[in-house]
Amino acid sequence: MDATPDLPKKTVSASISNVGQPLSKDQSSRARKYFISMMIRTLCFILAVILPSPYRWIALFGAVVLPYIAVIVANAGRETIKGNTATFASKIKELGAE
């Protein structure tokens, strides 16, 4: 029997500099991005009424596609994985194991 416990080879500690921006700033940033996208969509609808036929279809296409793109961009927030993310591996002990 080995009397020495298993020690982790590398200890990773969290640093305050690794913390992202606060939730309130993140939410306001995403709301601002969504608002800007919807204003561009409104402009596309206005241009669809004003512009002649070939350009009208491009503006209508932008007005139809922009909501999907706006939601994707606005929701791409805090769950984004960054390159320097630390992962923690731990040994899972089974019930009854010593």
# chains A, B, ... in the order shown; residues from 1 in each chain; ligands from 1
call {"tool": "residues_around", "arguments": {"residues": "Ile36 of chain A", "least_positions_apart": "6", "cutoff": "12 Å", "atoms": "only C-alpha atoms", "output": "VMD selection string"}}
result
chain A and resid 29 to 30 42 to 43 66 to 67 69 to 71 73 to 74
call {"tool": "write_last_selection", "arguments": {"atoms": "C-alpha atoms", "output": "PDB file, in the first residue's frame"}}
result
ATOM      1  CA  SER A  29     -24.165  45.896 -24.443  1.00  0.00           C
ATOM      2  CA  ARG A  30     -26.251  43.097 -25.949  1.00  0.00           C
ATOM      3  CA  THR A  42     -36.545  49.605 -39.900  1.00  0.00           C
ATOM      4  CA  LEU A  43     -34.368  51.496 -42.371  1.00  0.00           C
ATOM      5  CA  LEU A  66     -31.830  40.890 -39.937  1.00  0.00           C
ATOM      6  CA  PRO A  67     -33.990  39.705 -36.988  1.00  0.00           C
ATOM      7  CA  ILE A  69     -28.866  37.765 -37.267  1.00  0.00           C
ATOM      8  CA  ALA A  70     -29.688  40.294 -34.522  1.00  0.00           C
ATOM      9  CA  VAL A  71     -30.832  37.580 -32.115  1.00  0.00           C
ATOM     10  CA  VAL A  73     -25.404  38.441 -32.237  1.00  0.00           C
ATOM     11  CA  ALA A  74     -27.264  39.652 -29.141  1.00  0.00           C
TER      12      ALA A  74
END
call {"tool": "atom_distance", "arguments": {"atom1": "atom CA of Phe45 of chain A", "atom2": "atom CA of Ala59 of chain A"}}
result
6.7 Å
